[in-house]
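Q: Got entry_25.cif for you, mmCIF, C-alpha atoms and all ligand atoms:
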data_input
loop_
_atom_site.label_atom_id
_atom_site.label_comp_id
_atom_site.auth_asym_id
_atom_site.auth_seq_id
_atom_site.Cartn_x
_atom_site.Cartn_y
_atom_site.Cartn_z
CA MET A 165 1.08 11.08 -1.81
CA PRO A 166 -0.62 11.05 -5.24
CA ALA A 167 1.45 11.46 -8.43
CA ASP A 168 2.60 14.99 -9.19
CA LEU A 169 0.55 17.01 -11.65
CA ILE A 170 1.67 20.07 -13.60
CA ALA A 171 -1.23 22.46 -14.09
CA PRO A 172 -0.51 25.26 -16.59
CA SER A 173 -2.53 28.39 -15.82
CA ILE A 174 -3.97 29.56 -19.13
CA LEU A 175 -4.19 33.08 -17.71
CA SER A 176 -0.73 33.67 -19.18
CA ALA A 177 -1.44 31.90 -22.50
CA ASN A 178 -2.04 33.73 -25.76
CA PHE A 179 -5.85 33.99 -25.74
CA ALA A 180 -5.93 34.66 -29.48
CA LYS A 181 -4.88 31.05 -30.01
CA LEU A 182 -5.93 29.38 -26.82
CA GLY A 183 -6.75 25.94 -28.27
CA GLU A 184 -3.31 25.67 -29.82
CA GLU A 185 -1.60 26.88 -26.65
CA VAL A 186 -3.40 24.28 -24.54
CA ASP A 187 -2.67 21.50 -27.07
CA ASN A 188 1.03 22.40 -27.07
CA VAL A 189 1.46 22.59 -23.32
CA LEU A 190 -0.37 19.27 -22.81
CA ALA A 191 1.67 17.63 -25.57
CA SER A 192 4.78 18.85 -23.73
CA GLY A 193 3.81 16.73 -20.72
CA ALA A 194 1.60 18.99 -18.61
CA ASP A 195 -1.25 17.13 -16.92
CA ILE A 196 -4.24 19.35 -16.17
CA VAL A 197 -5.49 22.73 -17.38
CA HIS A 198 -5.74 25.39 -14.67
CA PHE A 199 -8.59 27.75 -15.57
CA ASP A 200 -8.68 31.06 -13.68
CA VAL A 201 -12.10 32.69 -13.41
CA MET A 202 -12.07 36.32 -12.19
CA ASP A 203 -15.12 38.54 -11.82
CA ASN A 204 -13.82 42.07 -11.14
CA HIS A 205 -15.61 41.88 -7.78
CA TYR A 206 -13.98 39.23 -5.60
CA VAL A 207 -10.69 40.04 -7.37
CA PRO A 208 -9.77 43.18 -9.32
CA ASN A 209 -9.53 41.50 -12.73
CA LEU A 210 -11.88 40.00 -15.30
CA THR A 211 -11.22 36.83 -17.25
CA ILE A 212 -13.13 33.90 -18.69
CA GLY A 213 -16.28 31.89 -18.00
CA PRO A 214 -18.05 28.61 -18.85
CA LEU A 215 -18.24 29.38 -22.59
CA VAL A 216 -14.46 29.24 -22.86
CA CYS A 217 -14.33 26.01 -20.88
CA GLU A 218 -16.91 24.52 -23.23
CA ALA A 219 -14.94 25.77 -26.24
CA LEU A 220 -11.82 23.96 -25.01
CA ARG A 221 -13.81 20.73 -24.69
CA LYS A 222 -15.26 21.21 -28.18
CA HIS A 223 -11.74 21.86 -29.45
CA GLY A 224 -10.87 18.36 -28.23
CA VAL A 225 -9.16 18.92 -24.88
CA THR A 226 -9.66 15.71 -22.86
CA ALA A 227 -7.28 16.50 -19.96
CA PRO A 228 -8.87 17.42 -16.63
CA ILE A 229 -9.88 21.09 -16.39
CA ASP A 230 -9.22 22.63 -12.98
CA VAL A 231 -11.57 25.61 -12.61
CA HIS A 232 -10.35 28.10 -9.99
CA LEU A 233 -13.27 30.38 -9.15
CA MET A 234 -12.25 33.83 -7.93
CA VAL A 235 -15.83 35.05 -7.87
CA LYS A 236 -18.48 36.16 -5.42
CA PRO A 237 -21.17 34.83 -5.23
CA VAL A 238 -19.94 31.34 -6.07
CA ASP A 239 -22.89 28.96 -6.37
CA ARG A 240 -24.66 30.11 -9.50
CA LEU A 241 -21.65 29.42 -11.73
CA ILE A 242 -21.21 25.82 -10.58
CA PRO A 243 -23.88 24.07 -12.70
CA ASP A 244 -22.73 26.05 -15.75
CA PHE A 245 -19.09 25.01 -15.31
CA ALA A 246 -20.11 21.41 -14.67
CA LYS A 247 -22.05 21.41 -17.95
CA ALA A 248 -19.15 23.10 -19.71
CA GLY A 249 -16.81 20.21 -18.85
CA ALA A 250 -15.02 21.23 -15.63
CA THR A 251 -13.32 18.39 -13.74
CA TYR A 252 -12.36 20.24 -10.55
CA ILE A 253 -14.13 23.33 -9.26
CA THR A 254 -12.39 25.18 -6.45
CA PHE A 255 -13.57 28.33 -4.67
CA HIS A 256 -12.49 30.72 -1.92
CA PRO A 257 -14.48 29.89 1.25
CA GLU A 258 -14.84 33.52 2.32
CA ALA A 259 -16.66 34.20 -0.99
CA SER A 260 -19.39 31.66 -0.21
CA GLU A 261 -22.19 32.20 2.31
CA HIS A 262 -22.46 28.44 2.94
CA VAL A 263 -19.22 26.59 2.37
CA ASP A 264 -20.59 23.12 3.11
CA ARG A 265 -23.47 23.66 0.70
CA THR A 266 -21.19 24.90 -2.07
CA LEU A 267 -18.87 21.89 -1.70
CA GLN A 268 -21.88 19.57 -1.85
CA LEU A 269 -23.25 21.41 -4.89
CA ILE A 270 -19.95 20.87 -6.73
CA ARG A 271 -19.97 17.14 -6.03
CA ASP A 272 -23.67 16.83 -6.81
CA SER A 273 -22.93 18.46 -10.17
CA GLY A 274 -20.50 15.64 -10.93
CA CYS A 275 -17.24 17.55 -10.34
CA LYS A 276 -14.45 17.28 -7.82
CA SER A 277 -14.53 19.97 -5.15
CA GLY A 278 -11.87 22.18 -3.66
CA LEU A 279 -11.22 25.03 -1.25
CA VAL A 280 -8.74 27.82 -1.99
CA PHE A 281 -6.82 29.67 0.71
CA ASN A 282 -5.33 33.11 0.15
CA PRO A 283 -1.98 33.76 1.85
CA ALA A 284 -3.72 35.24 4.92
CA THR A 285 -6.81 33.00 5.01
CA PRO A 286 -6.80 30.68 8.04
CA LEU A 287 -7.05 26.92 7.52
CA THR A 288 -9.91 26.67 10.03
CA TYR A 289 -12.32 26.62 7.09
CA LEU A 290 -11.25 22.98 6.68
CA ASP A 291 -12.35 21.96 10.17
CA TYR A 292 -15.79 20.55 9.53
CA VAL A 293 -15.78 19.89 5.78
CA LEU A 294 -12.60 17.93 5.04
CA GLU A 295 -14.57 14.88 3.90
CA LYS A 296 -16.27 16.96 1.22
CA VAL A 297 -13.00 18.24 -0.24
CA ASP A 298 -11.08 16.62 -3.13
CA MET A 299 -8.47 19.35 -3.47
CA ILE A 300 -6.93 22.03 -1.27
CA LEU A 301 -5.42 24.92 -3.21
CA LEU A 302 -2.99 27.20 -1.41
CA MET A 303 -2.38 30.58 -2.97
CA SER A 304 1.25 31.65 -2.83
CA VAL A 305 0.32 35.10 -4.20
CA ASN A 306 -2.71 37.26 -3.61
CA PRO A 307 -5.24 36.29 -6.28
CA GLY A 308 -6.03 38.43 -9.31
CA PHE A 309 -2.97 38.47 -11.51
CA GLY A 310 -0.37 36.22 -13.03
CA GLY A 311 3.33 37.01 -12.86
CA GLN A 312 3.63 37.82 -9.14
CA SER A 313 6.39 36.55 -6.85
CA PHE A 314 5.99 33.47 -4.65
CA ILE A 315 5.25 34.44 -1.01
CA PRO A 316 7.63 32.24 1.07
CA THR A 317 5.25 31.78 4.06
CA ALA A 318 3.23 29.51 1.74
CA LEU A 319 5.87 26.83 2.39
CA ASP A 320 4.98 26.58 6.10
CA LYS A 321 1.32 26.53 5.22
CA LEU A 322 1.93 23.72 2.74
CA ARG A 323 3.66 21.66 5.42
CA GLU A 324 0.70 22.26 7.75
CA VAL A 325 -1.85 21.17 5.14
CA ARG A 326 0.24 18.14 4.14
CA GLU A 327 0.01 16.99 7.74
CA ILE A 328 -3.75 17.59 7.90
CA ILE A 329 -4.25 15.54 4.70
CA ASP A 330 -1.94 12.72 5.76
CA ASP A 331 -3.50 12.50 9.22
CA SER A 332 -6.98 12.33 7.70
CA GLY A 333 -6.14 9.39 5.43
CA LEU A 334 -8.37 11.02 2.80
CA ASP A 335 -7.58 11.21 -0.90
CA ILE A 336 -7.10 14.98 -1.26
CA ARG A 337 -4.80 16.75 -3.71
CA LEU A 338 -2.63 19.64 -2.45
CA GLU A 339 -2.24 22.31 -5.11
CA ILE A 340 -0.10 25.44 -5.03
CA ASP A 341 -0.78 28.50 -7.17
CA GLY A 342 1.29 31.65 -7.71
CA GLY A 343 4.89 32.31 -8.60
CA VAL A 344 5.73 28.65 -9.26
CA LYS A 345 8.67 28.26 -11.66
CA ALA A 346 11.14 25.59 -12.64
CA ASP A 347 13.66 27.07 -10.18
CA ASN A 348 11.51 26.88 -7.01
CA ILE A 349 9.32 23.86 -7.71
CA ALA A 350 11.65 21.43 -5.89
CA GLU A 351 11.36 23.20 -2.51
CA ILE A 352 7.60 23.59 -3.02
CA LYS A 353 7.32 19.86 -3.65
CA ALA A 354 9.46 19.12 -0.60
CA ALA A 355 6.99 21.15 1.49
CA GLY A 356 4.21 18.79 0.44
CA ALA A 357 2.49 20.01 -2.74
CA ASP A 358 1.52 17.46 -5.38
CA THR A 359 -0.18 19.72 -7.94
CA PHE A 360 1.70 22.72 -9.34
CA VAL A 361 0.02 25.63 -11.10
CA SER A 362 2.32 27.67 -13.30
CA GLY A 363 1.26 30.50 -15.59
CA SER A 364 4.00 32.97 -16.42
CA GLY A 365 6.62 30.30 -15.66
CA LEU A 366 5.37 28.33 -18.65
CA PHE A 367 3.58 30.59 -21.10
CA GLY A 368 4.77 33.84 -22.58
CA GLN A 369 8.41 32.89 -22.77
CA GLY A 370 8.78 34.69 -26.11
CA ARG A 371 8.80 31.57 -28.27
CA ASP A 372 5.26 31.83 -29.61
CA SER A 373 5.95 30.40 -33.04
CA ASP A 374 7.83 27.30 -31.84
CA PRO A 375 5.38 24.36 -31.53
CA ASN A 376 7.70 22.65 -29.02
CA ARG A 377 8.10 25.80 -26.96
CA TYR A 378 6.95 24.28 -23.65
CA ASP A 379 8.83 20.97 -23.84
CA SER A 380 11.99 21.93 -22.01
CA ILE A 381 10.23 23.99 -19.32
CA VAL A 382 7.70 21.26 -18.49
CA ALA A 383 10.52 18.71 -18.48
CA GLU A 384 12.42 20.81 -15.93
CA MET A 385 9.37 20.90 -13.61
C1 LIG A 401 -3.69 34.21 -9.76
C2 LIG A 401 -4.08 32.93 -10.42
C3 LIG A 401 -2.96 32.09 -10.86
C4 LIG A 401 -2.00 32.74 -11.83
C5 LIG A 401 -0.66 32.09 -11.63
O1 LIG A 401 -4.82 34.77 -9.18
O2 LIG A 401 -4.89 32.13 -9.59
O3 LIG A 401 -3.39 30.82 -11.35
O4 LIG A 401 -2.37 32.61 -13.16
O5 LIG A 401 0.23 32.77 -12.43
P1 LIG A 401 1.78 32.74 -12.16
O6 LIG A 401 2.22 31.32 -12.30
O7 LIG A 401 2.30 33.61 -13.24
O8 LIG A 401 2.01 33.27 -10.79
ZN ZN A 402 -5.39 30.03 -10.18
#
Give the structure from the file, written as structure tokens.

A:
Amino acid sequence: MPADLIAPSILSANFAKLGEEVDNVLASGADIVHFDVMDNHYVPNLTIGPLVCEALRKHGVTAPIDVHLMVKPVDRLIPDFAKAGATYITFHPEASEHVDRTLQLIRDSGCKSGLVFNPATPLTYLDYVLEKVDMILLMSVNPGFGGQSFIPTALDKLREVREIIDDSGLDIRLEIDGGVKADNIAEIKAAGADTFVSGSGLFGQGRDSDPNRYDSIVAEM
């Protein structure tokens, strides 16, 4: 299994000082920046696009940026995010008309590709495209909002995907997103995840003025 990565979801960061928030959480030991893109169509919320990704790069963020697209249609945003500095681009297969084509488009744009599964989305979408996937992201909440509770059935699904990845012998990351906190991360890891998104578990802990505010939480994870 690849080394564990902590992926802070900036959805719960203070957007008025996003650069500083990202600098602080990375300095505290987090590994990659999880970047939630919502379009008020595929999900009932509206967030950020390629301009903000580009702004983080211009600010000096060199860590991988993990763009989680919760949008429909998917394809037209991919070249823009690639140009804006995305490292990973993941999307929900049911939001794409042609899943294989979208995965190929992500790789052809120079990024790593990934599929995202909502709690009730079947894993059969993996059947014919596994070789084109660099990351599998399991949602442990329904997408659209930070701060929701972890749905426990995600643990069984994680175990299932861990087996699919291990049997394939492919180099694929297994990411979990939604309700991940310091107090449940151990059982989530035991179920097979290697990449842990955490938004409200990290940001917004009421210590906005303390530059070391994320140190102890990241250390616990
Ligand atoms: C939800 C997003 C998540 C969210 C996680 O649609 O994909 O990345 O920010 O937030 P928490 O960790 O608060 O559940
Ligand atoms: Zn996400």

Q: Of the candidates A:Ser176, A:Gln268, A:Asn188, A:Ser364, which one gets nearest to Asn376 in chain A if we count all atoms listed in the file?

A: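 Between A:Ser176, A:Gln268, A:Asn188, A:Ser364, the residue approaching Asn376 in chain A most closely is A:Asn188.
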
Q: Rank A:Leu294, A:Val325, A:Val197, A:Ala191 by their smallest atom-to-atom distance to ligand LIG 401 (chain A), using all atoms listed in the file, and report the top residue only.

A: A:Val197

Q: Could you give me the residues within 6 Å of ligand LIG 401 (chain A), counting only C-alpha atoms and all ligand atoms, as a list of chain:residue names?

A: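 Residues satisfying the distance criterion: A:Ser173, A:Leu175, A:Asp200, A:Pro307, A:Gly308, A:Phe309, A:Gly310, A:Gly311, A:Gln312, A:Asp341, A:Gly342, A:Gly343, A:Val344, A:Ser362, A:Gly363, A:Ser364, A:Gly365.
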
Q: With distances taken over only C-alpha atoms, which of A:Gly224, A:Ser273, A:Leu210, A:Asn204 is nearest to Leu241 in chain A?

A: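 Selected residue with least distance to Leu241 in chain A: A:Ser273.
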
Q: Could you state the separation of CA of Thr317 in chain A and atom ZN of ligand ZN 402 (chain A) in Å, given to one decimal place?

A: 17.9 Å

Q: CA of Val263 in chain A to CA of Val361 in chain A: how many Å, to one decimal?

A: 23.5 Å

Q: Which residue is closest to ligand ZN 402 (chain A)? Choose from A:Val216, A:Met303, A:Ala177, A:Val189 and count all atoms listed in the file.

A: A:Met303

Q: Just to confirm, what's the straight-line distance from CA of Asp291 in chain A to CA of Leu322 in chain A in Å (one decimal)?

A: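 Separation of CA of Asp291 in chain A and CA of Leu322 in chain A: 16.2 Å.
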
Q: What's the 12 Å shell around Leu215 in chain A, counting all atoms listed in the file, without same-chain residues fewer than 5 positions away, as a list of chain:residue names?

A: A:Val201, A:Leu220, A:Arg221, A:Lys222, A:Leu241, A:Asp244, A:Phe245, A:Ala246, A:Lys247, A:Ala248, A:Gly249, A:Ala250

Q: From the list A:Asp320, A:Asp230, A:Asp168, A:Glu295, which residue is nearest ligand ZN 402 (chain A) when using all atoms listed in the file?

A: A:Asp230

Q: Go through A:Pro257, A:Pro172, A:Pro214, A:Pro208 and flag the residue nearest Thr285 in chain A, using only C-alpha atoms for the distances.

A: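 With only C-alpha atoms as the atom set, the closest residue is A:Pro257.
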
Q: Identify, on the basis of only C-alpha atoms, every residue whose closest approach to Val297 in chain A does not exceed 10 Å; exclude the query and any residue fewer than 5 positions from it along the same chain; express the result as a list in words.

A: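 Skipping anything fewer than 5 positions along the chain leaves Thr254, Asp264, Leu267, Gln268, Ile270, Arg271, Lys276, Ser277, Gly278, Leu279, Leu290, Leu334, Asp335, Ile336 and Arg337 of chain A.
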